[in-house]
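Everything on this sheet refers to the single structure shown next.
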Amino acid sequence: MTAHRPGAWPAGLGPVPAAPVADDTPPPPPGPPVEVPVAEVRLVVTVDLTGRYDTHNQVSHDLWEQTRYSTDCHTAIVRLGEDALRVSSGLGSAIASRFFLAAKAVEIHVPAGTRWAYVAEEAQRCMRHYAADHARTLNRTRTPG
């Protein structure tokens with residue numbers, strides 16, 4: 001046996017030289033483009049505000065924390081509990097401000113009964129107002145022509 005040093009080729013062996021390949025055949029013509037079907041994907045954000053809340057600030061902070069990384073989605077589902085509705089005024093406006101540019105549809109789930117149904121109507125009204133204001137702002141900032 002020969003002594004083998006690290007980084008050296010074993011006795012009498014070395015790298016194989018690359019030989020040029022003589023290929024005179026033209027490449028095959030490209031075929032028709034391949035279309036890959038893409039399934040329709042709808043991103044859904046679920047916000048759960050059904051926990052125990054004692055102040056409006058706790059509800060606002062939890063809403064912000066749960067929507068902080070939700071930049072764009074198809075549907076936003078917001079589940080509200082009795083405590084969140086009891087201590088937080090203007091919750092429809094807060095929900096609308098978080099999703100009026102980011103979601104195509106917003107579902108607000110409130111506890112059964114009509115006592116809290118106004119929150120969904122308030123959110124819809126605020127979203128319409130915010131969207132109209134946003135459109136007016138864009139129209140004012142665009143250059144004519």
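By order of appearance in the structure tokens: chains A, B, ..., then residues from 1 within every chain, and ligands from 1 in the order shown.
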
Problem set entry | chain A: residues DSSP assigns to strand (DSSP E or B), reported as an MDAnalysis selection string | chainID A and resid 44:49 73:80 103:109

Exercise. Got a sec: who's within 10 Å of Cys126 of chain A, counting only C-alpha atoms, leaving out chain neighbours fewer than 2 positions off, as a PyMOL selection string?
Worked result: chain A and resi 92-97+100+120-124+128-132

Exercise. Near segment 108-114 of chain A, counting only C-alpha atoms, which residues have an atom at most 7 Å away, once you skip same-chain residues fewer than 2 positions from it, shown as number ranges by chain?
Worked result: A: 77-82, 106, 116-117, 120

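Take atom CA of Ala84 of chain A and atom CA of Ala103 of chain A: the distance between them is 21.9 Å.
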
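Distances to Thr75 of chain A were evaluated for A:Lys104, A:Arg140, A:Arg52, A:His61 using only C-alpha atoms, and the minimum falls at A:Lys104.
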
Who sits within 8 Å of Asp72 of chain A, only C-alpha atoms, same chain under 2 positions skipped, as a PDB file with C-alpha atoms, in the first residue's frame:
```
ATOM      1  CA  SER A  70     -52.802  39.641   7.775  1.00  0.00           C
ATOM      2  CA  HIS A  74     -60.216  37.062   0.496  1.00  0.00           C
ATOM      3  CA  ALA A 102     -57.180  43.953   2.793  1.00  0.00           C
ATOM      4  CA  ALA A 103     -60.298  41.775   2.477  1.00  0.00           C
TER       5      ALA A 103
END
```

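Counting only C-alpha atoms and comparing A:Arg86, A:Arg68, A:Arg115, A:Arg98, the residue that lies closest to Thr50 of chain A is A:Arg86.
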
Problem set entry | Point-to-point distance in Å for atom CA of Ala76 of chain A and atom CA of Asn139 of chain A | 27.1 Å

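Distances from A:Gly90, A:Gly14, A:Pro33, A:Pro28 to His56 of chain A were compared using only C-alpha atoms, and the smallest one belongs to A:Gly90.
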